[in-house]
file start11.cif (mmCIF, C-alpha atoms (C1' of nucleotides))
data_upload
loop_
_atom_site.label_atom_id
_atom_site.label_comp_id
_atom_site.auth_asym_id
_atom_site.auth_seq_id
_atom_site.Cartn_x
_atom_site.Cartn_y
_atom_site.Cartn_z
CA MET A 1 -6.73 9.90 -24.93
CA LYS A 2 -10.20 8.43 -25.00
CA THR A 3 -8.82 5.41 -26.83
CA GLN A 4 -6.07 4.96 -24.28
CA LEU A 5 -8.57 5.03 -21.42
CA LYS A 6 -10.90 2.67 -23.27
CA ASP A 7 -8.17 0.13 -23.93
CA TYR A 8 -7.13 0.34 -20.32
CA LEU A 9 -10.62 -0.14 -18.88
CA ASN A 10 -11.41 -3.01 -21.19
CA ARG A 11 -8.52 -4.95 -19.73
CA TYR A 12 -10.60 -5.42 -16.57
CA ALA A 13 -14.27 -5.44 -17.63
CA HIS A 14 -16.43 -4.85 -20.67
CA PHE A 15 -17.35 -1.27 -21.58
CA THR A 16 -19.39 -0.11 -24.55
CA ASP A 17 -18.49 3.06 -26.45
CA GLU A 18 -21.42 4.73 -24.70
CA ASP A 19 -20.00 3.74 -21.30
CA ILE A 20 -16.66 5.20 -22.27
CA ALA A 21 -18.24 8.40 -23.55
CA LEU A 22 -20.15 8.78 -20.29
CA ILE A 23 -17.12 8.12 -18.16
CA PHE A 24 -15.13 10.55 -20.23
CA GLU A 25 -17.61 13.33 -19.52
CA TYR A 26 -16.88 13.04 -15.83
CA LEU A 27 -13.12 13.17 -16.20
CA GLU A 28 -11.07 16.30 -16.61
CA PRO A 29 -7.88 16.37 -18.69
CA VAL A 30 -5.11 18.34 -16.97
CA THR A 31 -1.42 18.77 -17.65
CA PHE A 32 1.35 19.32 -15.14
CA SER A 33 4.77 20.53 -16.09
CA LYS A 34 7.91 19.07 -14.57
CA LYS A 35 8.10 19.65 -10.78
CA GLN A 36 4.49 20.77 -10.54
CA PHE A 37 2.39 19.25 -7.77
CA LEU A 38 -0.72 17.16 -8.38
CA LEU A 39 -1.19 17.16 -4.63
CA LYS A 40 0.73 18.91 -1.86
CA GLN A 41 1.73 17.36 1.43
CA ASN A 42 -0.94 17.92 4.13
CA GLU A 43 -3.65 18.68 1.61
CA ILE A 44 -6.70 16.47 1.42
CA CYS A 45 -6.71 14.40 -1.72
CA ASN A 46 -9.93 14.72 -3.70
CA ALA A 47 -9.13 12.88 -6.87
CA ARG A 48 -7.57 9.92 -8.62
CA PHE A 49 -5.31 10.68 -11.56
CA PHE A 50 -5.02 8.46 -14.61
CA ILE A 51 -1.65 9.08 -16.21
CA ILE A 52 -1.89 9.46 -19.98
CA LYS A 53 1.76 10.41 -20.42
CA GLY A 54 4.51 11.23 -17.98
CA LEU A 55 5.92 10.22 -14.64
CA VAL A 56 4.81 11.08 -11.10
CA ARG A 57 6.35 10.46 -7.71
CA SER A 58 4.80 10.33 -4.27
CA PHE A 59 7.00 11.57 -1.43
CA HIS A 60 7.06 12.95 2.08
CA VAL A 61 9.32 15.60 3.57
CA ASP A 62 10.21 14.89 7.20
CA GLU A 63 11.02 17.29 10.07
CA LYS A 64 14.66 17.39 9.02
CA GLY A 65 13.72 18.38 5.49
CA VAL A 66 14.64 14.98 4.06
CA GLU A 67 12.56 13.71 1.14
CA ASN A 68 11.21 10.17 1.31
CA VAL A 69 10.01 8.81 -2.00
CA ASN A 70 7.56 5.93 -1.62
CA LEU A 71 6.04 5.51 -5.08
CA PHE A 72 6.58 6.15 -8.76
CA ALA A 73 3.70 6.06 -11.24
CA ILE A 74 3.86 5.99 -15.03
CA GLU A 75 1.60 5.81 -18.07
CA ASN A 76 -1.64 3.84 -17.65
CA TRP A 77 -1.55 3.94 -13.88
CA TRP A 78 -4.05 5.46 -11.54
CA VAL A 79 -2.26 7.43 -8.86
CA THR A 80 -3.61 9.12 -5.75
CA ASN A 81 -3.01 9.17 -2.02
CA LEU A 82 -5.46 6.46 -1.14
CA ASP A 83 -5.39 7.05 2.62
CA SER A 84 -6.22 10.71 2.18
CA PHE A 85 -8.69 10.10 -0.63
CA VAL A 86 -10.65 7.43 1.23
CA ASN A 87 -10.50 8.86 4.73
CA GLN A 88 -10.44 12.54 3.77
CA THR A 89 -7.50 13.23 6.04
CA PRO A 90 -4.45 15.38 5.21
CA SER A 91 -2.12 13.50 2.92
CA HIS A 92 1.25 12.52 4.41
CA ASN A 93 2.68 12.62 0.90
CA ALA A 94 2.86 14.97 -2.03
CA LEU A 95 2.34 13.92 -5.63
CA GLN A 96 4.70 15.63 -8.03
CA ALA A 97 5.35 15.38 -11.76
CA ILE A 98 8.93 14.31 -12.52
CA GLU A 99 8.36 14.84 -16.25
CA ASN A 100 5.78 16.94 -18.04
CA THR A 101 2.71 14.88 -17.38
CA SER A 102 -0.83 14.75 -18.69
CA VAL A 103 -3.58 13.07 -16.70
CA LEU A 104 -7.29 12.51 -16.52
CA VAL A 105 -8.65 13.65 -13.18
CA ALA A 106 -11.46 11.67 -11.53
CA SER A 107 -12.85 13.56 -8.56
CA ARG A 108 -14.47 11.73 -5.64
CA GLU A 109 -17.88 13.05 -6.64
CA ALA A 110 -17.41 11.98 -10.23
CA LEU A 111 -16.32 8.51 -9.14
CA ASP A 112 -19.24 8.07 -6.75
CA ILE A 113 -21.65 8.89 -9.55
CA LEU A 114 -19.83 6.73 -12.05
CA TYR A 115 -19.81 3.66 -9.78
CA THR A 116 -23.60 3.82 -9.92
CA LYS A 117 -24.00 4.72 -13.56
CA VAL A 118 -21.39 2.26 -14.83
CA PRO A 119 -21.22 -0.57 -12.30
CA GLN A 120 -18.36 -2.33 -14.09
CA LEU A 121 -16.14 0.41 -12.71
CA GLU A 122 -16.63 -1.04 -9.26
CA ARG A 123 -14.92 -4.17 -10.56
CA VAL A 124 -12.13 -2.22 -12.26
CA PHE A 125 -11.27 -0.41 -9.07
CA ARG A 126 -11.56 -3.59 -7.04
CA ILE A 127 -9.01 -5.20 -9.32
CA ILE A 128 -6.77 -2.13 -9.28
CA ALA A 129 -6.81 -2.08 -5.49
CA GLU A 130 -6.00 -5.78 -5.39
CA LYS A 131 -3.10 -5.24 -7.76
CA LEU A 132 -1.85 -2.35 -5.67
CA SER A 133 -2.03 -4.52 -2.56
CA ILE A 134 -0.07 -7.23 -4.33
CA ALA A 135 2.57 -4.75 -5.46
CA LEU A 136 2.89 -3.35 -1.95
CA GLN A 137 3.21 -6.80 -0.45
CA ARG A 138 5.93 -7.67 -2.94
CA LYS A 139 7.76 -4.47 -2.05
CA ASP A 140 7.41 -5.32 1.63
CA GLU A 141 8.79 -8.79 0.96
CA ILE A 142 11.80 -7.40 -0.90
CA PHE A 143 12.59 -4.86 1.78
CA MET A 144 12.29 -7.41 4.53
CA LYS A 145 14.54 -9.97 2.95
CA THR A 146 17.22 -8.16 1.02
CA SER A 147 20.15 -5.86 1.61
CA SER A 148 20.15 -2.44 0.02
CA LYS A 149 22.59 -3.68 -2.60
CA ASP A 150 20.19 -6.43 -3.64
CA ARG A 151 17.26 -4.04 -3.65
CA TYR A 152 19.13 -1.88 -6.14
CA TYR A 153 20.05 -4.79 -8.41
CA ASN A 154 16.51 -6.07 -8.21
CA LEU A 155 15.21 -2.68 -9.32
CA ILE A 156 17.56 -2.14 -12.24
CA HIS A 157 16.92 -5.65 -13.49
CA THR A 158 13.16 -5.62 -13.21
CA ILE A 159 12.55 -2.11 -14.59
CA PRO A 160 15.80 -0.91 -16.22
CA ASN A 161 14.23 1.60 -18.62
CA PHE A 162 12.39 3.26 -15.80
CA VAL A 163 15.60 3.83 -13.87
CA GLN A 164 16.77 6.06 -16.73
CA ARG A 165 13.86 8.43 -16.28
CA VAL A 166 14.43 9.17 -12.60
CA PRO A 167 17.30 10.97 -10.84
CA GLN A 168 19.45 8.62 -8.84
CA TYR A 169 18.86 10.32 -5.53
CA MET A 170 15.13 9.65 -5.86
CA ILE A 171 15.83 6.01 -6.51
CA ALA A 172 18.08 5.93 -3.48
CA SER A 173 15.28 7.41 -1.43
CA TYR A 174 12.77 4.91 -2.79
CA LEU A 175 15.15 2.09 -1.89
CA ASP A 176 15.67 3.60 1.56
CA ILE A 177 19.38 4.14 1.01
CA THR A 178 21.34 7.38 1.26
CA PRO A 179 22.49 8.69 -2.13
CA GLU A 180 26.07 8.42 -0.89
CA TYR A 181 25.73 4.76 -0.11
CA LEU A 182 23.99 4.03 -3.39
CA SER A 183 26.89 5.71 -5.10
CA GLU A 184 29.26 3.39 -3.27
CA ILE A 185 27.21 0.34 -4.23
CA ARG A 186 27.32 1.34 -7.88
CA ARG A 187 31.06 1.90 -7.82
CA LYS A 188 31.70 -1.58 -6.51
CA VAL A 189 29.95 -3.16 -9.50
CA ASN A 190 32.56 -1.84 -11.91
CA MET B 191 -21.52 -16.96 12.82
CA LYS B 192 -24.05 -15.87 10.25
CA THR B 193 -24.81 -12.81 12.36
CA GLN B 194 -21.14 -11.95 12.63
CA LEU B 195 -20.72 -12.13 8.86
CA LYS B 196 -23.88 -10.13 8.29
CA ASP B 197 -22.83 -7.35 10.64
CA TYR B 198 -19.47 -7.28 8.94
CA LEU B 199 -20.79 -7.09 5.39
CA ASN B 200 -23.35 -4.44 6.25
CA ARG B 201 -20.54 -2.14 7.28
CA TYR B 202 -19.68 -1.73 3.60
CA ALA B 203 -22.92 -2.17 1.61
CA HIS B 204 -26.54 -3.14 2.14
CA PHE B 205 -27.43 -6.83 2.23
CA THR B 206 -30.85 -8.36 2.80
CA ASP B 207 -31.29 -11.51 4.90
CA GLU B 208 -31.79 -13.38 1.63
CA ASP B 209 -28.46 -12.08 0.32
CA ILE B 210 -26.75 -13.23 3.48
CA ALA B 211 -28.40 -16.62 3.35
CA LEU B 212 -27.27 -17.05 -0.25
CA ILE B 213 -23.73 -15.96 0.51
CA PHE B 214 -23.64 -18.28 3.49
CA GLU B 215 -24.49 -21.25 1.31
CA TYR B 216 -21.33 -20.71 -0.67
CA LEU B 217 -19.04 -20.46 2.35
CA GLU B 218 -17.61 -23.37 4.28
CA PRO B 219 -16.98 -23.20 8.03
CA VAL B 220 -13.66 -24.77 8.98
CA THR B 221 -11.63 -24.84 12.18
CA PHE B 222 -7.86 -24.97 12.51
CA SER B 223 -6.11 -25.84 15.71
CA LYS B 224 -3.05 -23.98 16.91
CA LYS B 225 -0.07 -24.35 14.51
CA GLN B 226 -2.20 -25.84 11.75
CA PHE B 227 -1.75 -24.42 8.28
CA LEU B 228 -4.54 -22.72 6.31
CA LEU B 229 -2.10 -22.56 3.42
CA LYS B 230 1.41 -23.95 3.03
CA GLN B 231 4.33 -22.14 1.46
CA ASN B 232 4.57 -22.84 -2.31
CA GLU B 233 1.00 -24.02 -2.52
CA ILE B 234 -1.45 -22.17 -4.74
CA CYS B 235 -3.99 -20.27 -2.71
CA ASN B 236 -7.55 -21.04 -3.73
CA ALA B 237 -9.57 -19.28 -1.06
CA ARG B 238 -10.12 -16.27 1.11
CA PHE B 239 -10.67 -16.91 4.81
CA PHE B 240 -12.96 -14.83 6.99
CA ILE B 241 -11.80 -15.17 10.58
CA ILE B 242 -14.68 -15.75 12.98
CA LYS B 243 -12.44 -16.34 16.01
CA GLY B 244 -8.71 -16.73 16.39
CA LEU B 245 -5.43 -15.42 15.11
CA VAL B 246 -3.48 -16.20 11.94
CA ARG B 247 -0.04 -15.25 10.75
CA SER B 248 1.43 -15.12 7.28
CA PHE B 249 5.12 -15.96 7.01
CA HIS B 250 7.87 -17.14 4.73
CA VAL B 251 10.80 -19.46 5.50
CA ASP B 252 13.97 -18.45 3.65
CA GLU B 253 16.89 -20.58 2.42
CA LYS B 254 18.58 -20.34 5.80
CA GLY B 255 15.48 -21.61 7.55
CA VAL B 256 14.65 -18.21 9.04
CA GLU B 257 10.97 -17.32 9.44
CA ASN B 258 9.79 -13.95 8.16
CA VAL B 259 6.40 -12.91 9.48
CA ASN B 260 4.71 -10.32 7.31
CA LEU B 261 1.11 -10.23 8.51
CA PHE B 262 -1.14 -11.01 11.44
CA ALA B 263 -4.90 -11.34 10.99
CA ILE B 264 -7.58 -11.46 13.68
CA GLU B 265 -11.36 -11.68 14.08
CA ASN B 266 -13.42 -10.02 11.34
CA TRP B 267 -10.59 -9.93 8.84
CA TRP B 268 -10.40 -11.60 5.49
CA VAL B 269 -7.02 -13.25 5.08
CA THR B 270 -5.45 -14.91 2.04
CA ASN B 271 -2.32 -14.70 -0.03
CA LEU B 272 -3.60 -12.22 -2.57
CA ASP B 273 -0.73 -12.62 -5.04
CA SER B 274 -1.20 -16.37 -5.19
CA PHE B 275 -4.99 -16.16 -5.10
CA VAL B 276 -5.25 -13.63 -7.93
CA ASN B 277 -2.42 -14.86 -10.14
CA GLN B 278 -2.68 -18.56 -9.26
CA THR B 279 1.02 -18.81 -8.61
CA PRO B 280 2.71 -20.65 -5.72
CA SER B 281 2.40 -18.64 -2.54
CA HIS B 282 5.63 -17.24 -1.12
CA ASN B 283 4.04 -17.34 2.30
CA ALA B 284 2.28 -19.81 4.53
CA LEU B 285 -0.83 -19.02 6.54
CA GLN B 286 -0.80 -20.58 9.98
CA ALA B 287 -3.14 -20.46 12.97
CA ILE B 288 -1.41 -19.05 16.06
CA GLU B 289 -4.46 -19.81 18.20
CA ASN B 290 -7.26 -22.27 17.62
CA THR B 291 -9.08 -20.52 14.84
CA SER B 292 -12.44 -20.84 13.12
CA VAL B 293 -13.01 -19.36 9.68
CA LEU B 294 -15.44 -19.19 6.81
CA VAL B 295 -13.77 -20.31 3.60
CA ALA B 296 -14.68 -18.57 0.32
CA SER B 297 -13.23 -20.45 -2.63
CA ARG B 298 -12.37 -18.67 -5.87
CA GLU B 299 -15.26 -20.40 -7.62
CA ALA B 300 -17.67 -19.44 -4.89
CA LEU B 301 -16.55 -15.83 -5.01
CA ASP B 302 -16.80 -15.61 -8.78
CA ILE B 303 -20.37 -16.81 -8.61
CA LEU B 304 -21.22 -14.58 -5.68
CA TYR B 305 -19.89 -11.43 -7.36
CA THR B 306 -22.51 -12.00 -10.04
CA LYS B 307 -25.37 -13.14 -7.81
CA VAL B 308 -24.81 -10.46 -5.14
CA PRO B 309 -23.15 -7.49 -6.87
CA GLN B 310 -22.74 -5.52 -3.67
CA LEU B 311 -19.94 -7.96 -2.83
CA GLU B 312 -17.88 -6.39 -5.59
CA ARG B 313 -18.05 -3.16 -3.61
CA VAL B 314 -17.20 -4.87 -0.31
CA PHE B 315 -14.10 -6.43 -1.77
CA ARG B 316 -13.14 -3.19 -3.50
CA ILE B 317 -13.26 -1.43 -0.16
CA ILE B 318 -11.40 -4.24 1.60
CA ALA B 319 -8.65 -4.12 -1.01
CA GLU B 320 -8.42 -0.35 -0.66
CA LYS B 321 -8.17 -0.68 3.11
CA LEU B 322 -5.48 -3.31 2.74
CA SER B 323 -3.55 -1.02 0.40
CA ILE B 324 -3.82 1.80 2.90
CA ALA B 325 -2.63 -0.44 5.72
CA LEU B 326 0.32 -1.63 3.64
CA GLN B 327 1.26 1.93 2.69
CA ARG B 328 1.15 2.95 6.34
CA LYS B 329 3.38 0.03 7.22
CA ASP B 330 5.76 1.02 4.45
CA GLU B 331 5.81 4.57 5.76
CA ILE B 332 6.61 3.44 9.29
CA PHE B 333 9.38 1.12 8.16
CA MET B 334 10.93 3.78 5.96
CA LYS B 335 10.97 6.48 8.56
CA THR B 336 11.56 4.88 11.94
CA SER B 337 14.22 2.94 13.78
CA SER B 338 13.44 -0.53 15.03
CA LYS B 339 13.02 0.83 18.54
CA ASP B 340 10.33 3.23 17.36
CA ARG B 341 8.63 0.54 15.34
CA TYR B 342 8.30 -1.53 18.49
CA TYR B 343 6.93 1.34 20.57
CA ASN B 344 4.56 2.24 17.78
CA LEU B 345 3.25 -1.32 17.73
CA ILE B 346 2.75 -1.76 21.46
CA HIS B 347 1.01 1.59 21.70
CA THR B 348 -1.32 1.17 18.74
CA ILE B 349 -2.34 -2.45 19.39
CA PRO B 350 -1.21 -3.37 22.92
CA ASN B 351 -3.75 -6.15 23.52
CA PHE B 352 -2.71 -7.87 20.34
CA VAL B 353 0.92 -7.99 21.40
CA GLN B 354 -0.15 -10.22 24.31
CA ARG B 355 -1.52 -12.87 21.97
CA VAL B 356 1.65 -13.34 19.92
CA PRO B 357 5.07 -14.73 20.93
CA GLN B 358 7.71 -12.04 21.05
CA TYR B 359 9.94 -13.63 18.45
CA MET B 360 7.12 -13.39 15.91
CA ILE B 361 6.69 -9.73 16.69
CA ALA B 362 10.43 -9.24 16.27
CA SER B 363 10.22 -10.92 12.88
CA TYR B 364 7.25 -8.78 11.85
CA LEU B 365 9.18 -5.68 12.87
CA ASP B 366 12.23 -6.93 10.97
CA ILE B 367 14.38 -7.10 14.09
CA THR B 368 16.24 -10.07 15.51
CA PRO B 369 14.68 -11.44 18.71
CA GLU B 370 17.97 -10.72 20.48
CA TYR B 371 17.89 -7.08 19.54
CA LEU B 372 14.23 -6.71 20.47
CA SER B 373 15.13 -8.15 23.83
CA GLU B 374 17.79 -5.50 24.22
CA ILE B 375 15.37 -2.75 23.22
CA ARG B 376 12.88 -3.92 25.86
CA ARG B 377 15.52 -4.07 28.55
CA LYS B 378 16.53 -0.47 27.98
CA VAL B 379 12.98 0.75 28.64
CA ASN B 380 13.10 -0.39 32.25
"C1'" DA C 381 5.53 -33.58 39.28
"C1'" DT C 382 9.15 -34.12 35.85
"C1'" DT C 383 10.81 -33.81 31.50
"C1'" DA C 384 10.85 -31.83 27.08
"C1'" DT C 385 9.93 -28.09 24.21
"C1'" DT C 386 9.46 -23.51 23.28
"C1'" DT C 387 10.57 -18.87 24.16
"C1'" DC C 388 13.44 -15.10 26.00
"C1'" DT C 389 17.75 -12.88 27.60
"C1'" DT C 390 22.69 -11.58 27.87
"C1'" DA C 391 27.00 -10.22 26.00
"C1'" DA C 392 31.00 -9.64 22.83
"C1'" DG C 393 32.60 -8.97 18.43
"C1'" DA C 394 31.35 -8.12 13.44
"C1'" DT C 395 29.24 -5.39 9.67
"C1'" DA C 396 26.07 -2.81 6.86
"C1'" DT C 397 24.72 1.53 6.44
"C1'" DC C 398 24.67 6.48 7.85
"C1'" DT C 399 26.65 11.16 8.66
"C1'" DT C 400 29.24 14.88 7.45
"C1'" DA C 401 31.80 17.55 4.45
"C1'" DA C 402 33.70 18.68 0.25
"C1'" DG C 403 34.56 18.75 -4.49
"C1'" DG C 404 33.35 17.19 -9.31
"C1'" DA C 405 30.11 16.43 -13.03
"C1'" DT C 406 25.94 17.35 -15.56
"C1'" DA C 407 22.17 19.71 -16.93
"C1'" DT C 408 19.41 23.98 -17.36
"C1'" DA C 409 18.72 28.81 -17.96
"C1'" DC C 410 19.95 33.26 -19.46
"C1'" DG D 411 28.49 29.90 -24.15
"C1'" DT D 412 28.82 31.13 -19.53
"C1'" DA D 413 26.63 30.94 -15.15
"C1'" DT D 414 23.64 28.64 -11.91
"C1'" DA D 415 21.43 25.07 -10.17
"C1'" DT D 416 21.04 20.15 -9.80
"C1'" DC D 417 22.93 15.93 -9.26
"C1'" DC D 418 26.62 12.54 -8.18
"C1'" DT D 419 30.90 10.81 -5.97
"C1'" DT D 420 34.58 10.12 -2.47
"C1'" DA D 421 36.24 9.18 2.01
"C1'" DA D 422 36.68 8.87 7.12
"C1'" DG D 423 34.60 8.23 11.32
"C1'" DA D 424 30.19 7.01 13.86
"C1'" DT D 425 26.33 3.89 15.04
"C1'" DA D 426 22.39 0.84 14.73
"C1'" DT D 427 21.67 -3.65 14.21
"C1'" DC D 428 23.19 -8.48 13.46
"C1'" DT D 429 25.67 -12.87 14.55
"C1'" DT D 430 26.93 -16.35 17.41
"C1'" DA D 431 26.73 -18.90 21.45
"C1'" DA D 432 25.02 -20.09 25.67
"C1'" DG D 433 22.16 -20.31 29.40
"C1'" DA D 434 17.63 -18.97 31.89
"C1'" DA D 435 12.73 -18.89 32.07
"C1'" DA D 436 8.37 -20.27 30.88
"C1'" DT D 437 5.06 -23.29 28.87
"C1'" DA D 438 3.36 -27.74 27.36
"C1'" DA D 439 3.42 -32.83 27.46
"C1'" DT D 440 3.85 -37.18 29.80
#
call {"tool": "encode", "arguments": {"input": "start11.cif", "output": "structure tokens"}}
result
Amino acid sequence: MKTQLKDYLNRYAHFTDEDIALIFEYLEPVTFSKKQFLLKQNEICNARFFIIKGLVRSFHVDEKGVENVNLFAIENWWVTNLDSFVNQTPSHNALQAIENTSVLVASREALDILYTKVPQLERVFRIIAEKLSIALQRKDEIFMKTSSKDRYYNLIHTIPNFVQRVPQYMIASYLDITPEYLSEIRRKVN
Amino acid sequence: MKTQLKDYLNRYAHFTDEDIALIFEYLEPVTFSKKQFLLKQNEICNARFFIIKGLVRSFHVDEKGVENVNLFAIENWWVTNLDSFVNQTPSHNALQAIENTSVLVASREALDILYTKVPQLERVFRIIAEKLSIALQRKDEIFMKTSSKDRYYNLIHTIPNFVQRVPQYMIASYLDITPEYLSEIRRKVN
DNA sequence: ATTATTTCTTAAGATATCTTAAGGATATAC
DNA sequence: GTATATCCTTAAGATATCTTAAGAAATAAT
């Protein structure tokens, strides 16, 4: 676990073993079983979660009771509700484990201290945020320009193994298609 | 101009007058007249632009020649194509001045040096990237959950003065509606 | 002022996608 | 191994939004 975090962090800046040990002291290992919530809708998000193993989704339930999935996160990703975390407002989305999932929890307080004690972390989280922005802009681009059929093909071609791990109705939701229509799209392939 | 930048940067971290003077040395003031391009589609983006005065859009022209606007940027915003800037790949989008616009240009090289010389900048750009992520996630949320009519109302209510500065067909494109349909939506209000 | 360019509107027919409702298939739990 | 819950498919009718085409209005250029 410590090794996994170390390898990850060293992709973005240089950290000594002492840095890693210090960082590790401020993080809390937690496990969530399938369907458990890392964060509930309308709660204020007080942490970032580094996924050691497992799969998490972010989703919102609207007035009609319909689930809207907007994000999946897998191993070696930091996941949180950034809007809630940064602005300390109730989160519009829940975070829920789709598989049994183990994470390292970084609380706001821990992070604030760590940014000062290990300044390279500032860079790591700058780069992470830039990568997230890029990913979101690519998603925006795809949704703007393509039909739902093409969004589905794009998804199964770019991350086919990931599609196996998630129920189809969640993928439909993520692609902003009804499960019924996704079903129809899939039928027409064959 | 220097004052404007200083006020802006001090919103996110503390900078002395010497810091600001140093930063300023690495930035280049440039003006673009209406319709001029800060960045052309398929070019590699080598800078971030801080808008002193004016209005810029980011857009993509598809195979059919249709323009897709995905971003507007105004005074006191940093604008760039992050994907191209970070990964040094051809930009899918152009950046174009909608009004006569004056900016401060921060090249990649300048920024790399400045991150080292003035480490607080690392924090500023971390926070900017987080804010951009939040904005993009909010946009995603709105597009997922609302009809085009509601997207339009949402826009004119949240940033009414901005709507005045931009031709309606660009707003339609940003909202992912045809100009004809936006026209119909507007008619039905009255 | 007049012309040229850019932007906005109208309307009719076409289509992608949704809604509803029901039954079938898998997986999970006891 | 049977029951229960979860997930997926089918199909018919409804609707939001697009396409095309054309002309009107506004803005900019000469």
call {"tool": "interface_residues", "arguments": {"input": "start11.cif", "of": "chain A", "to": "chain C", "cutoff": "9 Å", "atoms": "all atoms listed in the file", "output": "ChimeraX atom specification"}}
result
/A:147-148,177-178,181
call {"tool": "interface_residues", "arguments": {"input": "start11.cif", "of": "chain A", "to": "chain D", "cutoff": "8 Å", "atoms": "only C-alpha atoms (C1' of nucleotides)", "output": "list in words"}}
result
Pro167, Tyr169, Glu180 and Ser183 of chain A
call {"tool": "write_last_selection", "arguments": {"input": "start11.cif", "atoms": "C-alpha atoms", "output": "JSON list (two decimals), in the coordinates of the input"}}
result
[["chain", "number", "residue", "atom", "x", "y", "z"],
["A", 167, "PRO", "CA", 17.30, 10.97, -10.84],
["A", 169, "TYR", "CA", 18.86, 10.32, -5.53],
["A", 180, "GLU", "CA", 26.07, 8.42, -0.89],
["A", 183, "SER", "CA", 26.89, 5.71, -5.10]]
call {"tool": "residues_around", "arguments": {"input": "start11.cif", "residues": "segment 284-296 of chain B", "least_positions_apart": "4", "cutoff": "6 Å", "atoms": "only C-alpha atoms (C1' of nucleotides)", "output": "list in words"}}
result
Leu217, Glu218, Pro219, Val220, Thr221, Phe222, Ser223, Lys224, Lys225, Gln226, Phe227, Leu228, Leu229, Lys230, Gln231, Ala237, Arg238, Phe239, Phe240, Ile241, Ile242, Lys243, Gly244, Leu245, Val246, Arg247, Ser248 and Phe249 of chain B
call {"tool": "resolve_selection", "arguments": {"input": "start11.cif", "expression": "the PyMOL selection byres ((chain B and resi 192) around 12)", "output": "list in words"}}
result
Met191, Thr193, Gln194, Leu195, Lys196, Asp197, Tyr198, Leu199, Asp207, Glu208, Asp209, Ile210, Ala211, Leu212, Ile213, Phe214, Glu215, Leu217, Glu218, Pro219, Phe240, Ile242, Val293 and Leu294 of chain B
call {"tool": "interface_residues", "arguments": {"input": "start11.cif", "of": "chain A", "to": "chain B", "cutoff": "6 Å", "atoms": "only C-alpha atoms", "output": "ChimeraX atom specification"}}
result
/A:83,126,129-130,133-134
call {"tool": "axis_aligned_box", "arguments": {"input": "start11.cif", "around": "segment 399-404 of chain C", "padding_each_side": "6 Å", "output": "lines of an AutoDock Vina configuration file"}}
result
center_x = 30.6
center_y = 15.0
center_z = -0.3
size_x = 19.9
size_y = 19.6
size_z = 30.0
call {"tool": "atom_distance", "arguments": {"input": "start11.cif", "atom1": "atom CA of Arg151 of chain A", "atom2": "atom CA of Val166 of chain A"}}
result
16.2 Å
call {"tool": "atom_distance", "arguments": {"input": "start11.cif", "atom1": "atom CA of Tyr343 of chain B", "atom2": "atom CA of Glu67 of chain A"}}
result
23.7 Å
